[in-house]
Amino acid sequence: MKQQLEAIRAAAIAAMEGASNAEDLEALRVQYLGKKGELTAVLKQMGKLSAEERPVIGQLANEVRAKLEAAIESRASELASKAMAMRLMSETVDVTIPGAAQKLGKQHPMYQVLDEIKNIFIGLGFEVIEDREVELAEYNFTKLNVEEGHPAREWSDTFYFTEDSGILLRTQTSPMQIHAMESRPLPIRMIAPGRVYRKDEVDATHSPMFHQIEGMAIDKGITMADLKGTLNTVVRSLYGEDTVTRFRPHHFPFTEPSCEMDIQCYKCHGAGCPTCKGEGWIEVLGAGMIHPKVLEGCGIDSSVYSGWAFGFGLERLALGQYKISDLRLIFENDVRFLEQF
Ligand code: PHE
């Protein structure tokens with residue numbers, strides 16, 4: 001039996017050292033150490049041995065088993081590091097090959113202006129609200145004191161979904177005033193930028209879709225002075241500290257009094273030039289004190305609270321800021337155009 005064990009040891013170790021991959025090695029493990037393996041078969045005959053021989057052979061058998069296990073382990077790690085070395089060789093990356101350049105996009109000039117405006121208002125403590133473009137006529141018109149029969153409500157002016165549905169694409173961002181008043185606790189300071197839609201033919205200054213920014217502040221004791229102060233602060237941080245503004249009386253159904261704000265032409269400083277069409281002034285927005293009827297319609301006590309609102313077109317502002325001559329360029333998204341800003 002002793003010879004049998006020695007023979008197994010010699011043969012197994014030679015075979016294991018010669019194994020060329022993990023599967024062969026596993027097969028050898030089964031062949032020698034498995035339940036039906038050669039070493040196990042020898043051990044099964046231990047019963048036939050005398051009491052003196054048994055511990056001697058038992059010890060030898062344990063030694064052989066330990067040797068074989070150690071041989072398997074060391075061969076396995078040799079094979080593993082060889083396999084890793086092969087993989088590293090085959091997966092070598094040539095870091096000197098030039099990479100494929102990623103083409104980077106550019107933020108749209110109008111959204112650059114919008115971000116600038118948002119940042120200014122956030123700095124003044126205003127909240128930015130973005131919301132629905134599909135509106136009820138009730139919010140787009142009625143609650144803004146634009147009664148049935150007003151020309152702005154005409155089919156020829158406004159995109160309605162179906163006849164008499166009262167659902168339309170909003171023609172202005174002003175319905176956001178109503179949504180804010182109905183959903184937020186007072187005081188409110190918010191701006192609401194977004195798309196608006198009107199039935200206009202496309203030309204250098206018109207588009208059936210464009211962007212507006214609505215602004216609103218409601219609190220106790222708000223006056224026209226707050227409106228002018230806020231708007232002056234905003235245009236000065238947009239166009240420079242020396243920007244001059246003027247407020248002209250105007251009419252909007254949902255503000256009283258109402259006004260339009262002009263800025264003195266940044267090109268000719270009021271002398272008159274092609275940029276301001278000889279006027280010296282450029283009209284930028286409509287604004288006013290929120291009509292008491294509108295406040296009351298939203299459940300706000302107009303004897304305690306007052307507020308102002310303004311609205312302006314974003315495209316026009318971007319055109320002015322970047323000296324772009326045709327509105328259509330803003331919407332075409334031609335990369336050659338966008339890359340210039
Ligand atoms: N919504 C008006 C427009 O589209 C602008 C405006 C907003 C005027 C808020 C006054 C107050 O012309």
# chains A, B, ... in the order shown; residues from 1 in each chain; ligands from 1

$ residues_near_ligand --ligand "ligand 1" --cutoff "7 Å" --atoms "only C-alpha atoms and all ligand atoms" --output "PyMOL selection string"
chain A and resi 172-174+214+252+254-255+258+285-288+309-312

$ residues_around --residues "stretch 320-322 of chain A" --least-positions-apart "5" --cutoff "9 Å" --atoms "only C-alpha atoms" --output "list in words"
Pro109, Val113, Tyr239, Thr275, Glu315 and Phe341 of chain A

$ closest_residue --among "A:Val202, A:Val335, A:Cys265, A:Met190" --to "A:Val244" --atoms "only C-alpha atoms"
A:Cys265

$ residues_around --residues "A:Gln3" --least-positions-apart "3" --cutoff "12 Å" --atoms "only C-alpha atoms" --output "list in words"
Glu6, Ala7, Ile8, Arg9, Ala10, Val42, Ile57, Leu60, Ala61 and Val64 of chain A

$ write_last_selection --atoms "N, CA and C atoms" --output "compact mmCIF listing (two decimals), in the first residue's frame"
# COMPACT_ATOMS: atom_id res chain seq x y z
N GLU A 6 2.91 6.00 -2.94
CA GLU A 6 4.06 6.70 -3.52
C GLU A 6 3.89 6.84 -5.03
N ALA A 7 3.36 5.77 -5.65
CA ALA A 7 3.18 5.79 -7.10
C ALA A 7 2.14 6.84 -7.49
N ILE A 8 1.05 6.87 -6.70
CA ILE A 8 0.01 7.87 -6.98
C ILE A 8 0.60 9.27 -6.87
N ARG A 9 1.35 9.50 -5.78
CA ARG A 9 1.93 10.82 -5.58
C ARG A 9 2.79 11.24 -6.78
N ALA A 10 3.69 10.34 -7.18
CA ALA A 10 4.59 10.69 -8.28
C ALA A 10 3.83 10.97 -9.56
N VAL A 42 -7.59 3.81 -2.64
CA VAL A 42 -6.58 3.19 -1.78
C VAL A 42 -7.00 3.26 -0.31
N ILE A 57 0.30 4.16 7.55
CA ILE A 57 -0.25 4.37 6.20
C ILE A 57 -1.19 5.58 6.19
N LEU A 60 0.76 8.68 5.97
CA LEU A 60 1.30 8.84 4.63
C LEU A 60 0.21 9.31 3.66
N ALA A 61 -0.97 8.69 3.80
CA ALA A 61 -2.08 9.06 2.91
C ALA A 61 -2.42 10.55 3.07
N VAL A 64 0.18 12.58 1.34
CA VAL A 64 0.01 12.56 -0.11
C VAL A 64 -1.13 13.51 -0.52

$ closest_residue --among "A:Gln102, A:Gln340, A:Gln4, A:Ser207" --to "A:Lys323" --atoms "only C-alpha atoms"
A:Gln340

$ residues_around --residues "A:Gly299" --least-positions-apart "6" --cutoff "12 Å" --atoms "only C-alpha atoms" --output "PyMOL selection string"
chain A and resi 143+178+181-186+292-293+305

$ write_last_selection --atoms "N, CA and C atoms" --output "PDB file, in the first residue's frame"
ATOM      1  N   LYS A 143     -60.216  85.702 -16.790  1.00  0.00           N
ATOM      2  CA  LYS A 143     -59.707  86.068 -15.467  1.00  0.00           C
ATOM      3  C   LYS A 143     -58.701  87.221 -15.542  1.00  0.00           C
ATOM      4  N   ILE A 178     -52.472  84.386 -12.936  1.00  0.00           N
ATOM      5  CA  ILE A 178     -53.650  83.803 -12.279  1.00  0.00           C
ATOM      6  C   ILE A 178     -53.281  82.493 -11.573  1.00  0.00           C
ATOM      7  N   MET A 181     -51.425  83.268  -8.425  1.00  0.00           N
ATOM      8  CA  MET A 181     -52.297  83.819  -7.363  1.00  0.00           C
ATOM      9  C   MET A 181     -53.176  82.734  -6.761  1.00  0.00           C
ATOM     10  N   GLU A 182     -53.625  81.785  -7.612  1.00  0.00           N
ATOM     11  CA  GLU A 182     -54.528  80.747  -7.112  1.00  0.00           C
ATOM     12  C   GLU A 182     -53.809  79.656  -6.331  1.00  0.00           C
ATOM     13  N   SER A 183     -52.504  79.489  -6.583  1.00  0.00           N
ATOM     14  CA  SER A 183     -51.837  78.330  -5.986  1.00  0.00           C
ATOM     15  C   SER A 183     -50.797  78.680  -4.926  1.00  0.00           C
ATOM     16  N   ARG A 184     -50.439  79.943  -4.804  1.00  0.00           N
ATOM     17  CA  ARG A 184     -49.351  80.282  -3.885  1.00  0.00           C
ATOM     18  C   ARG A 184     -49.817  81.196  -2.754  1.00  0.00           C
ATOM     19  N   PRO A 185     -49.198  81.038  -1.590  1.00  0.00           N
ATOM     20  CA  PRO A 185     -49.511  81.965  -0.505  1.00  0.00           C
ATOM     21  C   PRO A 185     -48.880  83.335  -0.791  1.00  0.00           C
ATOM     22  N   LEU A 186     -49.479  84.379  -0.253  1.00  0.00           N
ATOM     23  CA  LEU A 186     -48.917  85.723  -0.404  1.00  0.00           C
ATOM     24  C   LEU A 186     -47.833  85.933   0.645  1.00  0.00           C
ATOM     25  N   PRO A 292     -57.475  95.687  -9.753  1.00  0.00           N
ATOM     26  CA  PRO A 292     -58.150  95.143  -8.559  1.00  0.00           C
ATOM     27  C   PRO A 292     -59.140  94.026  -8.905  1.00  0.00           C
ATOM     28  N   LYS A 293     -59.771  94.137 -10.068  1.00  0.00           N
ATOM     29  CA  LYS A 293     -60.730  93.111 -10.483  1.00  0.00           C
ATOM     30  C   LYS A 293     -60.048  91.748 -10.627  1.00  0.00           C
ATOM     31  N   TYR A 305     -53.875  94.116  -0.322  1.00  0.00           N
ATOM     32  CA  TYR A 305     -52.733  93.751  -1.164  1.00  0.00           C
ATOM     33  C   TYR A 305     -52.757  94.496  -2.491  1.00  0.00           C
TER      34      TYR A 305
END

$ atom_distance --atom1 "atom CA of A:Val294" --atom2 "atom CA of A:Pro208"
27.3 Å

$ closest_residue --among "A:Met289, A:Cys276, A:Val30, A:Leu317" --to "A:His211" --atoms "only C-alpha atoms"
A:Leu317

$ select_by_dssp --residues "stretch 9-217 of chain A" --states "alpha helix (DSSP H)" --output "PyMOL selection string"
chain A and resi 9-18+22-33+38-44+53-90+109-123+137-140+175-183

$ atom_distance --atom1 "atom CA of A:Asp262" --atom2 "atom CA of A:Pro274"
16.1 Å

$ residues_around --residues "A:Glu116" --least-positions-apart "3" --cutoff "12 Å" --atoms "only C-alpha atoms" --output "list in words"
Pro109, Met110, Tyr111, Gln112, Val113, Asn119, Ile120, Phe121, Ile122, Gly123, Val234, Val235, Ser237, Leu238, Tyr239, Leu314, Leu317, Ala318 and Gln321 of chain A

$ decode --residues "stretch 23-34 of chain A" --atoms "all heavy atoms" --output "mmCIF file, in the first residue's frame"
data_model
loop_
_atom_site.group_PDB
_atom_site.id
_atom_site.type_symbol
_atom_site.label_atom_id
_atom_site.label_comp_id
_atom_site.auth_asym_id
_atom_site.auth_seq_id
_atom_site.Cartn_x
_atom_site.Cartn_y
_atom_site.Cartn_z
ATOM 1 N N GLU A 23 -9.199 23.523 -16.873
ATOM 2 C CA GLU A 23 -10.102 22.375 -17.005
ATOM 3 C C GLU A 23 -9.341 21.062 -16.814
ATOM 4 O O GLU A 23 -9.799 20.158 -16.121
ATOM 5 C CB GLU A 23 -10.775 22.343 -18.397
ATOM 6 C CG GLU A 23 -11.780 23.461 -18.631
ATOM 7 C CD GLU A 23 -11.101 24.723 -19.146
ATOM 8 O OE1 GLU A 23 -10.584 24.707 -20.284
ATOM 9 O OE2 GLU A 23 -11.067 25.726 -18.383
ATOM 10 N N ASP A 24 -8.148 20.954 -17.427
ATOM 11 C CA ASP A 24 -7.336 19.745 -17.262
ATOM 12 C C ASP A 24 -6.991 19.535 -15.795
ATOM 13 O O ASP A 24 -7.026 18.415 -15.279
ATOM 14 C CB ASP A 24 -6.036 19.856 -18.074
ATOM 15 C CG ASP A 24 -6.307 19.777 -19.579
ATOM 16 O OD1 ASP A 24 -7.488 19.544 -19.943
ATOM 17 O OD2 ASP A 24 -5.353 19.971 -20.367
ATOM 18 N N LEU A 25 -6.677 20.632 -15.133
ATOM 19 C CA LEU A 25 -6.278 20.556 -13.727
ATOM 20 C C LEU A 25 -7.447 20.047 -12.872
ATOM 21 O O LEU A 25 -7.285 19.204 -11.989
ATOM 22 C CB LEU A 25 -5.845 21.946 -13.261
ATOM 23 C CG LEU A 25 -5.060 22.005 -11.954
ATOM 24 C CD1 LEU A 25 -3.790 21.170 -12.030
ATOM 25 C CD2 LEU A 25 -4.711 23.453 -11.609
ATOM 26 N N GLU A 26 -8.636 20.537 -13.198
ATOM 27 C CA GLU A 26 -9.830 20.100 -12.460
ATOM 28 C C GLU A 26 -10.082 18.601 -12.695
ATOM 29 O O GLU A 26 -10.409 17.848 -11.764
ATOM 30 C CB GLU A 26 -11.037 20.947 -12.903
ATOM 31 C CG GLU A 26 -12.394 20.504 -12.380
ATOM 32 C CD GLU A 26 -12.510 20.531 -10.847
ATOM 33 O OE1 GLU A 26 -11.614 21.123 -10.188
ATOM 34 O OE2 GLU A 26 -13.461 19.940 -10.310
ATOM 35 N N ALA A 27 -9.868 18.165 -13.936
ATOM 36 C CA ALA A 27 -10.060 16.744 -14.246
ATOM 37 C C ALA A 27 -9.089 15.889 -13.429
ATOM 38 O O ALA A 27 -9.452 14.821 -12.910
ATOM 39 C CB ALA A 27 -9.854 16.501 -15.745
ATOM 40 N N LEU A 28 -7.867 16.360 -13.268
ATOM 41 C CA LEU A 28 -6.873 15.629 -12.472
ATOM 42 C C LEU A 28 -7.275 15.586 -10.998
ATOM 43 O O LEU A 28 -7.097 14.568 -10.326
ATOM 44 C CB LEU A 28 -5.492 16.287 -12.629
ATOM 45 C CG LEU A 28 -4.857 16.090 -14.013
ATOM 46 C CD1 LEU A 28 -3.613 16.966 -14.149
ATOM 47 C CD2 LEU A 28 -4.497 14.618 -14.233
ATOM 48 N N ARG A 29 -7.844 16.698 -10.534
ATOM 49 C CA ARG A 29 -8.279 16.724 -9.134
ATOM 50 C C ARG A 29 -9.326 15.635 -8.903
ATOM 51 O O ARG A 29 -9.249 14.864 -7.933
ATOM 52 C CB ARG A 29 -8.871 18.094 -8.780
ATOM 53 C CG ARG A 29 -9.043 18.330 -7.283
ATOM 54 C CD ARG A 29 -9.822 19.596 -6.983
ATOM 55 N NE ARG A 29 -11.189 19.531 -7.541
ATOM 56 C CZ ARG A 29 -12.173 18.815 -7.010
ATOM 57 N NH1 ARG A 29 -11.981 18.112 -5.906
ATOM 58 N NH2 ARG A 29 -13.357 18.783 -7.593
ATOM 59 N N VAL A 30 -10.276 15.570 -9.844
ATOM 60 C CA VAL A 30 -11.314 14.537 -9.718
ATOM 61 C C VAL A 30 -10.693 13.146 -9.811
ATOM 62 O O VAL A 30 -11.018 12.243 -9.036
ATOM 63 C CB VAL A 30 -12.390 14.738 -10.807
ATOM 64 C CG1 VAL A 30 -13.400 13.592 -10.793
ATOM 65 C CG2 VAL A 30 -13.092 16.078 -10.595
ATOM 66 N N GLN A 31 -9.781 13.005 -10.739
ATOM 67 C CA GLN A 31 -9.171 11.678 -10.968
ATOM 68 C C GLN A 31 -8.451 11.147 -9.715
ATOM 69 O O GLN A 31 -8.531 9.969 -9.401
ATOM 70 C CB GLN A 31 -8.175 11.773 -12.139
ATOM 71 C CG GLN A 31 -7.560 10.414 -12.503
ATOM 72 C CD GLN A 31 -6.456 10.581 -13.550
ATOM 73 O OE1 GLN A 31 -6.453 11.546 -14.329
ATOM 74 N NE2 GLN A 31 -5.523 9.638 -13.577
ATOM 75 N N TYR A 32 -7.783 12.041 -9.006
ATOM 76 C CA TYR A 32 -7.000 11.574 -7.849
ATOM 77 C C TYR A 32 -7.698 11.789 -6.509
ATOM 78 O O TYR A 32 -7.669 10.945 -5.633
ATOM 79 C CB TYR A 32 -5.634 12.265 -7.825
ATOM 80 C CG TYR A 32 -4.753 11.775 -8.955
ATOM 81 C CD1 TYR A 32 -4.520 12.543 -10.082
ATOM 82 C CD2 TYR A 32 -4.170 10.495 -8.872
ATOM 83 C CE1 TYR A 32 -3.741 12.087 -11.121
ATOM 84 C CE2 TYR A 32 -3.379 10.026 -9.916
ATOM 85 C CZ TYR A 32 -3.160 10.814 -11.029
ATOM 86 O OH TYR A 32 -2.392 10.351 -12.043
ATOM 87 N N LEU A 33 -8.328 12.934 -6.354
ATOM 88 C CA LEU A 33 -8.847 13.269 -5.026
ATOM 89 C C LEU A 33 -10.360 13.165 -4.924
ATOM 90 O O LEU A 33 -10.919 13.293 -3.839
ATOM 91 C CB LEU A 33 -8.430 14.711 -4.657
ATOM 92 C CG LEU A 33 -6.926 14.955 -4.554
ATOM 93 C CD1 LEU A 33 -6.642 16.436 -4.359
ATOM 94 C CD2 LEU A 33 -6.338 14.166 -3.393
ATOM 95 N N GLY A 34 -11.025 12.969 -6.041
ATOM 96 C CA GLY A 34 -12.484 12.902 -6.050
ATOM 97 C C GLY A 34 -12.995 11.687 -5.272
ATOM 98 O O GLY A 34 -12.218 10.823 -4.862
#
